[in-house]
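Novice: Quick one: the structure is below, and I'll ask about it shortly.
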Amino acid sequence: MADPGADRRSFWGWGLESAGPDAAQQDGIRKTMEQRLGASLELAAAPELDDLALPQSRIAPPDALASRCSTGPYDRAGHSYGKSYRDVVRGARGDFSSPPDFVAFPQDEGDVAALLDWATDAQVIVIPYGGGSSVVGGVECLLEGDYRGVVSMDLTRLDRVLEIDRASRAARIQAGILGPALENALRPHGLTLRHFPQSFEFSTLGGWIATRSGGHYATLYTHIDDFVEGMRVITPSGPVESRRLPGSGAGPSPDRLFLGSEGSLGVITEAWMRLQDRPTHRASATIRFVGADGFLRGAEAVRALSQSGLAPTNCRLLDSGEALQSGAGRGDESVLVLGFESADHGLQAWMDRALEICGDAGGLLPEDGAQIQHQAKASGAGGAQREGAAGAWRNAFLQAPYVRDVLVRMAVICETFETAVTWDRFPEFHREVTAAVQNAIGRVCGSGTVNCRFTHAYPDGAAPYYSVMAPGRRGSELEQWAEIKAAASEALIAHGGTITHHHAVGRDHRPWYDVQRPDLFGRALDAAKRELDPGHILNPGVIID
Ligand SMILES: Cc1cc2nc3c(=O)[nH]c(=O)nc-3n(C[C@H](O)[C@H](O)[C@H](O)COP(=O)(O)OP(=O)(O)OC[C@H]3O[C@@H](n4cnc5c(N)ncnc54)[C@H](O)[C@@H]3O)c2cc1C
């Protein structure tokens, strides 16, 4: 279905085939990483589509939908996995042993319903697929039990903004739209969803809702949940459409059932989303926390900011290693990247008070003061160009997934895991989680690093995000990764955190999600699944068995 001449998505790694570091940059990355990890690294060749030996499809598309389905190797390979470390390793090795039997590209809700009807009768698994950026095994096409085959349902043809309600500042949007197309459609109206996960370019509205993704706002509107006004979901038992409301106390919310359902209860086809006016005022500042306890003092500043009611849009605290890696710091200081935005008012007073709070917590304030912009021209994922530490951090942030593909080809283990925990527990939690992971890295890889940043902050706690880098043994990386991942997941749950703040559950987090969620609640979800998906065809194993 993809035009072979077009600049198409990589079938195994991040983003577009034509993008990412060139040969000279790859060599630069190798040298830097050799220095950082103290190991010699070798870059393996990237996989070629022509070299893949995909298993034969076990089932054929139904005649009525055949024109919307593909059995081509590019589509089957490209829909085999998401984009977790494990996925990219398998992709880079050319291991595509469980591709979908075919990929369906529904053009409208009628196609979605027809495919679900057919699949229920034919006992075929359906995996809803948005941008395929899942990092938790959420779109994997495993065939288990008595099923006859697996179909990946790619929703990216449902890609339009259908209606805009300017008075209520909301829009009805199809679920398969990718981030940039969504923002492009809203821009002429002076509006924005302003939900920018790092995967923004290659993930969809439906995927964000199905995984409860976390976006650009560091405080206040952290998850996509906050922007959903109503939604429409096609289940094997029929459609479910919630009423558009600014708020409601009418019993348990239907939207809450489908938010985070990860393709296991129905296919989200469209949603009414709450929008924002495009910001025209911005203020940003970088505050440094020097010394061995810099990160904890920075955390104290973030706690005070979160409880102040100022609601900064950006409030990313990077530990010294994270700051060094992204070019935002020198390696001996934690860095807080702080920002405010508004479409309505200047932000000097907000920033002045925030800097006062940071100063009280022992932060070194920028010598030249905060950067304040009025009527800045909004563009791209994060708006206007940023300079200094904030700009360096943002550029590194957007390039990181492409760099990870290169690191995978060098057998470097690079895992990220994220969580949230209340402030009262944070210092001990951070110490214990870091120690458990560092210990696992030492045991499994000999050396390596674990770093931390805050992605989101709340009055009652923070969402720390940890990054692991370690030299792997080529051929054994997945076993090494699994041991580190298990140690991290055990530590998160044991010390009172959540198994995920915004990366979702998928297959990879399932054992720890089962510990976290109350047992009776799990059984209530099973009952909902039986009602909505009696044939159990939708993404079995994710959230619900
Ligand atoms: C480099 C990188 C950076 C990332 N950064 C972030 C981040 O900043 N914040 C964040 O929250 N996440 C992030 N993620 C994780 C991922 O991007 C999110 O989980 C995202 O919401 C997935 O959207 P998607 O459209 O790619 O969904 P997919 O990966 O295609 O699917 C994810 C899950 O949702 C289900 N699903 C997809 N579409 C639908 C639908 N229409 N109806 C029902 N179910 C559906 C799938 O079955 C699957 O279970 C990142 C991932 C990568 C690789």
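Please note that chains go A, B, ... in the order of the structure tokens, that every chain numbers its residues from 1, and that ligands are numbered from 1 in the order shown.
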Select from range 56-96 of chain A every residue with an atom at most 12 Å from any atom of range 493-515 of chain A, then for each give the shortest pair of atoms and their distance in Å to one decimal, using only C-alpha atoms, rows by chain and rising number, as a Markdown table.

Specialist:
| residue | atom | partner | partner_atom | distance |
| --- | --- | --- | --- | --- |
| A:Tyr81 | CA | A:Arg507 | CA | 11.8 |
| A:Gly82 | CA | A:Gly506 | CA | 10.3 |
| A:Lys83 | CA | A:His503 | CA | 11.5 |
| A:Ser84 | CA | A:Asp508 | CA | 9.5 |
| A:Tyr85 | CA | A:Asp508 | CA | 11.1 |
| A:Arg86 | CA | A:Asp508 | CA | 9.8 |
| A:Asp87 | CA | A:Asp508 | CA | 11.1 |

Novice: Write out, as an mmCIF file, in the first residue's frame, the residues just selected, with N, CA and C atoms.

Specialist:
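For reference, out-v1.cif as written:
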data_model
loop_
_atom_site.group_PDB
_atom_site.id
_atom_site.type_symbol
_atom_site.label_atom_id
_atom_site.label_comp_id
_atom_site.auth_asym_id
_atom_site.auth_seq_id
_atom_site.Cartn_x
_atom_site.Cartn_y
_atom_site.Cartn_z
ATOM 1 N N TYR A 81 5.932 -4.978 14.523
ATOM 2 C CA TYR A 81 6.363 -4.528 15.841
ATOM 3 C C TYR A 81 6.001 -3.065 16.051
ATOM 4 N N GLY A 82 6.130 -2.646 17.314
ATOM 5 C CA GLY A 82 6.120 -1.223 17.628
ATOM 6 C C GLY A 82 7.547 -0.705 17.588
ATOM 7 N N LYS A 83 7.884 0.189 18.532
ATOM 8 C CA LYS A 83 9.214 0.818 18.496
ATOM 9 C C LYS A 83 9.902 0.759 19.859
ATOM 10 N N SER A 84 9.671 -0.321 20.597
ATOM 11 C CA SER A 84 10.416 -0.487 21.849
ATOM 12 C C SER A 84 11.850 -0.901 21.507
ATOM 13 N N TYR A 85 12.721 -0.869 22.510
ATOM 14 C CA TYR A 85 14.102 -1.330 22.285
ATOM 15 C C TYR A 85 14.082 -2.754 21.723
ATOM 16 N N ARG A 86 13.251 -3.606 22.338
ATOM 17 C CA ARG A 86 13.187 -5.009 21.903
ATOM 18 C C ARG A 86 12.733 -5.106 20.444
ATOM 19 N N ASP A 87 11.763 -4.266 20.084
ATOM 20 C CA ASP A 87 11.261 -4.275 18.702
ATOM 21 C C ASP A 87 12.361 -3.875 17.725
#

Novice: DSSP on the backbone, strand (DSSP E or B) only: what residues of range 295-514 of chain A does that give? Format it as number ranges by chain.

Specialist: A: 314-318, 333-342, 364, 371-374, 412-418, 421-422, 449-458, 461-471

Novice: Output as CSV one row per residue of chain A within 6 Å of ligand 1: the closest atom pair and its distance in Å to one decimal place, counting only C-alpha atoms and all ligand atoms, sorted by chain and residue number ascending.

Specialist:
residue,atom,partner,partner_atom_place_in_ligand_line,distance
A:Gly82,CA,ligand 1,29 (O),5.8
A:Lys83,CA,ligand 1,53 (C),4.7
A:Ile127,CA,ligand 1,47 (O),5.2
A:Pro128,CA,ligand 1,47 (O),4.0
A:Tyr129,CA,ligand 1,30 (O),3.8
A:Gly130,CA,ligand 1,30 (O),3.4
A:Gly131,CA,ligand 1,26 (O),3.4
A:Gly132,CA,ligand 1,30 (O),3.4
A:Ser133,CA,ligand 1,26 (O),3.6
A:Ser134,CA,ligand 1,29 (O),3.5
A:Val135,CA,ligand 1,15 (C),5.4
A:Gly138,CA,ligand 1,49 (O),4.0
A:Val139,CA,ligand 1,48 (C),5.0
A:Ala175,CA,ligand 1,41 (N),5.2
A:Pro197,CA,ligand 1,8 (O),3.4
A:Gln198,CA,ligand 1,8 (O),3.8
A:Ser199,CA,ligand 1,3 (C),4.1
A:Ser203,CA,ligand 1,25 (O),3.6
A:Thr204,CA,ligand 1,25 (O),3.6
A:Gly206,CA,ligand 1,41 (N),3.7
A:Gly207,CA,ligand 1,25 (O),3.5
A:Trp208,CA,ligand 1,21 (O),3.4
A:Ala210,CA,ligand 1,34 (O),4.7
A:Thr211,CA,ligand 1,21 (O),5.2
A:Ser213,CA,ligand 1,11 (O),3.1
A:Gly214,CA,ligand 1,11 (O),3.8
A:Gly215,CA,ligand 1,9 (N),5.4
A:Glu262,CA,ligand 1,49 (O),3.7
A:Gly263,CA,ligand 1,44 (N),3.3
A:Gly266,CA,ligand 1,43 (C),5.8
A:Val267,CA,ligand 1,42 (N),3.7
A:Ile268,CA,ligand 1,42 (N),3.7
A:Thr269,CA,ligand 1,41 (N),5.6
A:Pro401,CA,ligand 1,1 (C),4.6
A:His502,CA,ligand 1,11 (O),4.4
A:His503,CA,ligand 1,12 (N),4.9

Novice: Neighbours of range 160-174 of chain A within 7 Å (only C-alpha atoms; same-chain residues fewer than 3 positions away dropped), as a list in words?

Specialist: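 Residues meeting the cut-off are Ile177, Ala185, Thr269, Glu270, Ala271, Trp272, Met273, Arg274, Leu275 and Gln276 of chain A.
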
Novice: At a cut-off of 7 Å, using only C-alpha atoms, what residues contact range 410-424 of chain A? Leave out same-chain residues fewer than 6 positions from it and give the result as a PDB file with all heavy atoms, in the first residue's frame.

Specialist:
ATOM      1  N   LEU A  41      32.935  -0.378  20.054  1.00  0.00           N
ATOM      2  CA  LEU A  41      31.632  -0.644  19.439  1.00  0.00           C
ATOM      3  C   LEU A  41      31.774  -0.796  17.933  1.00  0.00           C
ATOM      4  O   LEU A  41      32.598  -0.132  17.306  1.00  0.00           O
ATOM      5  CB  LEU A  41      30.671   0.507  19.746  1.00  0.00           C
ATOM      6  CG  LEU A  41      30.409   0.800  21.223  1.00  0.00           C
ATOM      7  CD1 LEU A  41      29.616   2.087  21.388  1.00  0.00           C
ATOM      8  CD2 LEU A  41      29.679  -0.360  21.885  1.00  0.00           C
ATOM      9  N   GLU A  42      30.924  -1.646  17.376  1.00  0.00           N
ATOM     10  CA  GLU A  42      30.955  -1.878  15.924  1.00  0.00           C
ATOM     11  C   GLU A  42      29.547  -1.700  15.366  1.00  0.00           C
ATOM     12  O   GLU A  42      28.582  -2.199  15.976  1.00  0.00           O
ATOM     13  CB  GLU A  42      31.381  -3.324  15.679  1.00  0.00           C
ATOM     14  CG  GLU A  42      32.189  -3.499  14.414  1.00  0.00           C
ATOM     15  CD  GLU A  42      32.673  -4.929  14.342  1.00  0.00           C
ATOM     16  OE1 GLU A  42      33.488  -5.326  15.203  1.00  0.00           O
ATOM     17  OE2 GLU A  42      32.178  -5.631  13.452  1.00  0.00           O
ATOM     18  N   LEU A  43      29.439  -1.018  14.250  1.00  0.00           N
ATOM     19  CA  LEU A  43      28.110  -0.744  13.666  1.00  0.00           C
ATOM     20  C   LEU A  43      27.731  -1.845  12.672  1.00  0.00           C
ATOM     21  O   LEU A  43      28.391  -2.002  11.639  1.00  0.00           O
ATOM     22  CB  LEU A  43      28.143   0.616  12.952  1.00  0.00           C
ATOM     23  CG  LEU A  43      26.830   1.082  12.343  1.00  0.00           C
ATOM     24  CD1 LEU A  43      25.799   1.424  13.407  1.00  0.00           C
ATOM     25  CD2 LEU A  43      27.061   2.293  11.442  1.00  0.00           C
ATOM     26  N   ALA A  44      26.685  -2.601  12.978  1.00  0.00           N
ATOM     27  CA  ALA A  44      26.217  -3.638  12.044  1.00  0.00           C
ATOM     28  C   ALA A  44      25.414  -2.975  10.925  1.00  0.00           C
ATOM     29  O   ALA A  44      24.863  -1.880  11.097  1.00  0.00           O
ATOM     30  CB  ALA A  44      25.344  -4.641  12.791  1.00  0.00           C
ATOM     31  N   TYR A  85      12.721  -0.869  22.510  1.00  0.00           N
ATOM     32  CA  TYR A  85      14.102  -1.330  22.285  1.00  0.00           C
ATOM     33  C   TYR A  85      14.082  -2.754  21.723  1.00  0.00           C
ATOM     34  O   TYR A  85      14.765  -3.064  20.757  1.00  0.00           O
ATOM     35  CB  TYR A  85      14.881  -1.286  23.610  1.00  0.00           C
ATOM     36  CG  TYR A  85      16.228  -1.945  23.505  1.00  0.00           C
ATOM     37  CD1 TYR A  85      17.275  -1.307  22.847  1.00  0.00           C
ATOM     38  CD2 TYR A  85      16.452  -3.213  24.030  1.00  0.00           C
ATOM     39  CE1 TYR A  85      18.506  -1.923  22.710  1.00  0.00           C
ATOM     40  CE2 TYR A  85      17.675  -3.834  23.906  1.00  0.00           C
ATOM     41  CZ  TYR A  85      18.707  -3.186  23.242  1.00  0.00           C
ATOM     42  OH  TYR A  85      19.923  -3.805  23.109  1.00  0.00           O
ATOM     43  N   ASP A 460       1.095  16.671  43.982  1.00  0.00           N
ATOM     44  CA  ASP A 460       1.338  15.587  44.952  1.00  0.00           C
ATOM     45  C   ASP A 460       2.442  14.623  44.534  1.00  0.00           C
ATOM     46  O   ASP A 460       2.668  13.614  45.208  1.00  0.00           O
ATOM     47  CB  ASP A 460       0.037  14.816  45.245  1.00  0.00           C
ATOM     48  CG  ASP A 460      -0.640  14.300  43.998  1.00  0.00           C
ATOM     49  OD1 ASP A 460      -0.337  14.810  42.899  1.00  0.00           O
ATOM     50  OD2 ASP A 460      -1.467  13.384  44.103  1.00  0.00           O
ATOM     51  N   GLY A 461       3.111  14.877  43.432  1.00  0.00           N
ATOM     52  CA  GLY A 461       4.195  13.973  43.057  1.00  0.00           C
ATOM     53  C   GLY A 461       4.789  14.311  41.708  1.00  0.00           C
ATOM     54  O   GLY A 461       4.401  15.293  41.059  1.00  0.00           O
ATOM     55  N   ALA A 462       5.763  13.474  41.311  1.00  0.00           N
ATOM     56  CA  ALA A 462       6.469  13.740  40.047  1.00  0.00           C
ATOM     57  C   ALA A 462       6.452  12.495  39.182  1.00  0.00           C
ATOM     58  O   ALA A 462       6.190  11.389  39.657  1.00  0.00           O
ATOM     59  CB  ALA A 462       7.923  14.119  40.349  1.00  0.00           C
ATOM     60  N   ALA A 463       6.735  12.695  37.886  1.00  0.00           N
ATOM     61  CA  ALA A 463       6.858  11.577  36.956  1.00  0.00           C
ATOM     62  C   ALA A 463       8.317  11.492  36.498  1.00  0.00           C
ATOM     63  O   ALA A 463       8.711  12.145  35.529  1.00  0.00           O
ATOM     64  CB  ALA A 463       5.919  11.780  35.773  1.00  0.00           C
ATOM     65  N   PRO A 464       9.145  10.719  37.201  1.00  0.00           N
ATOM     66  CA  PRO A 464      10.544  10.552  36.775  1.00  0.00           C
ATOM     67  C   PRO A 464      10.649   9.587  35.595  1.00  0.00           C
ATOM     68  O   PRO A 464       9.883   8.623  35.506  1.00  0.00           O
ATOM     69  CB  PRO A 464      11.237   9.950  38.005  1.00  0.00           C
ATOM     70  CG  PRO A 464      10.210   9.810  39.069  1.00  0.00           C
ATOM     71  CD  PRO A 464       8.872   9.993  38.460  1.00  0.00           C
ATOM     72  N   TYR A 465      11.582   9.879  34.714  1.00  0.00           N
ATOM     73  CA  TYR A 465      11.772   9.107  33.472  1.00  0.00           C
ATOM     74  C   TYR A 465      13.251   8.704  33.458  1.00  0.00           C
ATOM     75  O   TYR A 465      14.136   9.569  33.511  1.00  0.00           O
ATOM     76  CB  TYR A 465      11.437  10.029  32.314  1.00  0.00           C
ATOM     77  CG  TYR A 465      11.510   9.467  30.912  1.00  0.00           C
ATOM     78  CD1 TYR A 465      10.337   9.235  30.197  1.00  0.00           C
ATOM     79  CD2 TYR A 465      12.718   9.230  30.280  1.00  0.00           C
ATOM     80  CE1 TYR A 465      10.378   8.762  28.897  1.00  0.00           C
ATOM     81  CE2 TYR A 465      12.759   8.757  28.981  1.00  0.00           C
ATOM     82  CZ  TYR A 465      11.588   8.525  28.296  1.00  0.00           C
ATOM     83  OH  TYR A 465      11.626   8.065  27.002  1.00  0.00           O
ATOM     84  N   TYR A 466      13.520   7.427  33.425  1.00  0.00           N
ATOM     85  CA  TYR A 466      14.903   6.944  33.535  1.00  0.00           C
ATOM     86  C   TYR A 466      15.404   6.437  32.181  1.00  0.00           C
ATOM     87  O   TYR A 466      14.650   5.807  31.434  1.00  0.00           O
ATOM     88  CB  TYR A 466      14.980   5.800  34.552  1.00  0.00           C
ATOM     89  CG  TYR A 466      14.645   6.235  35.964  1.00  0.00           C
ATOM     90  CD1 TYR A 466      13.324   6.228  36.426  1.00  0.00           C
ATOM     91  CD2 TYR A 466      15.641   6.655  36.830  1.00  0.00           C
ATOM     92  CE1 TYR A 466      13.019   6.627  37.721  1.00  0.00           C
ATOM     93  CE2 TYR A 466      15.343   7.057  38.133  1.00  0.00           C
ATOM     94  CZ  TYR A 466      14.030   7.049  38.562  1.00  0.00           C
ATOM     95  OH  TYR A 466      13.724   7.457  39.846  1.00  0.00           O
ATOM     96  N   SER A 467      16.660   6.730  31.887  1.00  0.00           N
ATOM     97  CA  SER A 467      17.279   6.234  30.636  1.00  0.00           C
ATOM     98  C   SER A 467      18.492   5.389  30.999  1.00  0.00           C
ATOM     99  O   SER A 467      19.334   5.814  31.784  1.00  0.00           O
ATOM    100  CB  SER A 467      17.790   7.392  29.775  1.00  0.00           C
ATOM    101  OG  SER A 467      16.794   8.360  29.636  1.00  0.00           O
ATOM    102  N   VAL A 468      18.544   4.219  30.379  1.00  0.00           N
ATOM    103  CA  VAL A 468      19.646   3.281  30.625  1.00  0.00           C
ATOM    104  C   VAL A 468      20.479   3.148  29.362  1.00  0.00           C
ATOM    105  O   VAL A 468      19.926   3.026  28.268  1.00  0.00           O
ATOM    106  CB  VAL A 468      19.061   1.889  30.984  1.00  0.00           C
ATOM    107  CG1 VAL A 468      20.162   0.831  31.015  1.00  0.00           C
ATOM    108  CG2 VAL A 468      18.314   1.944  32.301  1.00  0.00           C
ATOM    109  N   MET A 469      21.788   3.181  29.504  1.00  0.00           N
ATOM    110  CA  MET A 469      22.688   2.890  28.377  1.00  0.00           C
ATOM    111  C   MET A 469      23.784   1.979  28.872  1.00  0.00           C
ATOM    112  O   MET A 469      24.402   2.250  29.905  1.00  0.00           O
ATOM    113  CB  MET A 469      23.330   4.157  27.857  1.00  0.00           C
ATOM    114  CG  MET A 469      22.383   4.938  27.049  1.00  0.00           C
ATOM    115  SD  MET A 469      23.191   5.657  25.653  1.00  0.00           S
ATOM    116  CE  MET A 469      21.907   6.767  25.174  1.00  0.00           C
ATOM    117  N   ALA A 470      24.022   0.909  28.129  1.00  0.00           N
ATOM    118  CA  ALA A 470      25.060  -0.039  28.552  1.00  0.00           C
ATOM    119  C   ALA A 470      25.548  -0.801  27.329  1.00  0.00           C
ATOM    120  O   ALA A 470      24.785  -1.015  26.379  1.00  0.00           O
ATOM    121  CB  ALA A 470      24.479  -1.005  29.576  1.00  0.00           C
ATOM    122  N   PRO A 471      26.811  -1.201  27.341  1.00  0.00           N
ATOM    123  CA  PRO A 471      27.306  -1.982  26.213  1.00  0.00           C
ATOM    124  C   PRO A 471      26.744  -3.403  26.276  1.00  0.00           C
ATOM    125  O   PRO A 471      26.929  -4.089  27.282  1.00  0.00           O
ATOM    126  CB  PRO A 471      28.838  -1.980  26.421  1.00  0.00           C
ATOM    127  CG  PRO A 471      29.025  -1.724  27.882  1.00  0.00           C
ATOM    128  CD  PRO A 471      27.831  -0.977  28.380  1.00  0.00           C
ATOM    129  N   GLY A 472      26.044  -3.830  25.240  1.00  0.00           N
ATOM    130  CA  GLY A 472      25.466  -5.183  25.218  1.00  0.00           C
ATOM    131  C   GLY A 472      26.433  -6.167  24.555  1.00  0.00           C
ATOM    132  O   GLY A 472      27.428  -5.765  23.959  1.00  0.00           O
ATOM    133  N   ARG A 473      26.122  -7.462  24.715  1.00  0.00           N
ATOM    134  CA  ARG A 473      26.879  -8.494  23.974  1.00  0.00           C
ATOM    135  C   ARG A 473      26.091  -8.816  22.728  1.00  0.00           C
ATOM    136  O   ARG A 473      24.933  -9.237  22.821  1.00  0.00           O
ATOM    137  CB  ARG A 473      26.999  -9.775  24.814  1.00  0.00           C
ATOM    138  CG  ARG A 473      28.308  -9.929  25.565  1.00  0.00           C
ATOM    139  CD  ARG A 473      28.457 -11.322  26.167  1.00  0.00           C
ATOM    140  NE  ARG A 473      27.229 -11.915  26.666  1.00  0.00           N
ATOM    141  CZ  ARG A 473      26.664 -11.627  27.840  1.00  0.00           C
ATOM    142  NH1 ARG A 473      27.230 -10.732  28.643  1.00  0.00           N
ATOM    143  NH2 ARG A 473      25.544 -12.207  28.216  1.00  0.00           N
ATOM    144  N   ARG A 474      26.679  -8.612  21.565  1.00  0.00           N
ATOM    145  CA  ARG A 474      25.926  -8.815  20.332  1.00  0.00           C
ATOM    146  C   ARG A 474      25.348 -10.232  20.299  1.00  0.00           C
ATOM    147  O   ARG A 474      26.061 -11.208  20.551  1.00  0.00           O
ATOM    148  CB  ARG A 474      26.818  -8.579  19.108  1.00  0.00           C
ATOM    149  CG  ARG A 474      26.006  -8.373  17.849  1.00  0.00           C
ATOM    150  CD  ARG A 474      26.885  -8.013  16.672  1.00  0.00           C
ATOM    151  NE  ARG A 474      27.488  -6.690  16.738  1.00  0.00           N
ATOM    152  CZ  ARG A 474      26.849  -5.543  16.473  1.00  0.00           C
ATOM    153  NH1 ARG A 474      25.572  -5.561  16.144  1.00  0.00           N
ATOM    154  NH2 ARG A 474      27.483  -4.392  16.544  1.00  0.00           N
ATOM    155  N   GLU A 477      21.700  -9.299  23.453  1.00  0.00           N
ATOM    156  CA  GLU A 477      21.162  -8.024  23.983  1.00  0.00           C
ATOM    157  C   GLU A 477      19.757  -8.197  24.560  1.00  0.00           C
ATOM    158  O   GLU A 477      19.427  -7.572  25.558  1.00  0.00           O
ATOM    159  CB  GLU A 477      21.070  -6.947  22.897  1.00  0.00           C
ATOM    160  CG  GLU A 477      22.344  -6.604  22.202  1.00  0.00           C
ATOM    161  CD  GLU A 477      22.418  -7.289  20.849  1.00  0.00           C
ATOM    162  OE1 GLU A 477      22.193  -8.525  20.786  1.00  0.00           O
ATOM    163  OE2 GLU A 477      22.717  -6.620  19.861  1.00  0.00           O
ATOM    164  N   TRP A 481      18.708  -7.105  28.143  1.00  0.00           N
ATOM    165  CA  TRP A 481      17.669  -6.085  28.300  1.00  0.00           C
ATOM    166  C   TRP A 481      16.560  -6.584  29.234  1.00  0.00           C
ATOM    167  O   TRP A 481      16.109  -5.871  30.130  1.00  0.00           O
ATOM    168  CB  TRP A 481      17.092  -5.717  26.929  1.00  0.00           C
ATOM    169  CG  TRP A 481      15.805  -4.954  27.018  1.00  0.00           C
ATOM    170  CD1 TRP A 481      15.656  -3.620  27.225  1.00  0.00           C
ATOM    171  CD2 TRP A 481      14.469  -5.500  26.949  1.00  0.00           C
ATOM    172  NE1 TRP A 481      14.318  -3.294  27.285  1.00  0.00           N
ATOM    173  CE2 TRP A 481      13.578  -4.430  27.113  1.00  0.00           C
ATOM    174  CE3 TRP A 481      13.962  -6.782  26.750  1.00  0.00           C
ATOM    175  CZ2 TRP A 481      12.196  -4.600  27.093  1.00  0.00           C
ATOM    176  CZ3 TRP A 481      12.582  -6.951  26.740  1.00  0.00           C
ATOM    177  CH2 TRP A 481      11.716  -5.873  26.905  1.00  0.00           C
ATOM    178  N   GLY A 496       6.534   1.763  45.460  1.00  0.00           N
ATOM    179  CA  GLY A 496       5.319   2.580  45.524  1.00  0.00           C
ATOM    180  C   GLY A 496       5.022   3.412  44.286  1.00  0.00           C
ATOM    181  O   GLY A 496       4.151   4.279  44.320  1.00  0.00           O
ATOM    182  N   GLY A 497       5.720   3.152  43.172  1.00  0.00           N
ATOM    183  CA  GLY A 497       5.448   3.893  41.937  1.00  0.00           C
ATOM    184  C   GLY A 497       4.443   3.151  41.062  1.00  0.00           C
ATOM    185  O   GLY A 497       3.913   2.105  41.438  1.00  0.00           O
ATOM    186  N   THR A 498       4.160   3.718  39.886  1.00  0.00           N
ATOM    187  CA  THR A 498       3.322   3.032  38.900  1.00  0.00           C
ATOM    188  C   THR A 498       4.228   2.369  37.862  1.00  0.00           C
ATOM    189  O   THR A 498       5.334   2.860  37.606  1.00  0.00           O
ATOM    190  CB  THR A 498       2.342   4.005  38.209  1.00  0.00           C
ATOM    191  OG1 THR A 498       1.728   3.318  37.101  1.00  0.00           O
ATOM    192  CG2 THR A 498       3.029   5.252  37.659  1.00  0.00           C
ATOM    193  N   ILE A 499       3.753   1.299  37.270  1.00  0.00           N
ATOM    194  CA  ILE A 499       4.553   0.613  36.246  1.00  0.00           C
ATOM    195  C   ILE A 499       4.697   1.488  34.995  1.00  0.00           C
ATOM    196  O   ILE A 499       5.626   1.337  34.226  1.00  0.00           O
ATOM    197  CB  ILE A 499       3.972  -0.778  35.908  1.00  0.00           C
ATOM    198  CG1 ILE A 499       4.903  -1.568  34.974  1.00  0.00           C
ATOM    199  CG2 ILE A 499       2.582  -0.693  35.309  1.00  0.00           C
ATOM    200  CD1 ILE A 499       6.283  -1.801  35.508  1.00  0.00           C
ATOM    201  N   THR A 500       3.792   2.428  34.819  1.00  0.00           N
ATOM    202  CA  THR A 500       3.949   3.365  33.697  1.00  0.00           C
ATOM    203  C   THR A 500       3.186   4.651  33.978  1.00  0.00           C
ATOM    204  O   THR A 500       2.052   4.610  34.472  1.00  0.00           O
ATOM    205  CB  THR A 500       3.469   2.757  32.369  1.00  0.00           C
ATOM    206  OG1 THR A 500       3.542   3.750  31.342  1.00  0.00           O
ATOM    207  CG2 THR A 500       2.034   2.241  32.440  1.00  0.00           C
ATOM    208  N   HIS A 501       3.794   5.780  33.673  1.00  0.00           N
ATOM    209  CA  HIS A 501       3.086   7.055  33.769  1.00  0.00           C
ATOM    210  C   HIS A 501       2.413   7.392  32.445  1.00  0.00           C
ATOM    211  O   HIS A 501       1.300   7.894  32.415  1.00  0.00           O
ATOM    212  CB  HIS A 501       4.056   8.175  34.164  1.00  0.00           C
ATOM    213  CG  HIS A 501       3.435   9.538  34.118  1.00  0.00           C
ATOM    214  ND1 HIS A 501       3.569  10.381  33.039  1.00  0.00           N
ATOM    215  CD2 HIS A 501       2.646  10.203  35.009  1.00  0.00           C
ATOM    216  CE1 HIS A 501       2.909  11.514  33.279  1.00  0.00           C
ATOM    217  NE2 HIS A 501       2.351  11.425  34.462  1.00  0.00           N
TER     218      HIS A 501
END

Novice: Choose the residue, out of A:Phe200, A:Phe102, A:Phe258, A:Phe397, that has the smallest atom-to-atom separation from Thr455 in chain A; count only C-alpha atoms.

Specialist: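 When distances to Thr455 in chain A are compared using only C-alpha atoms, the smallest one comes from A:Phe397.
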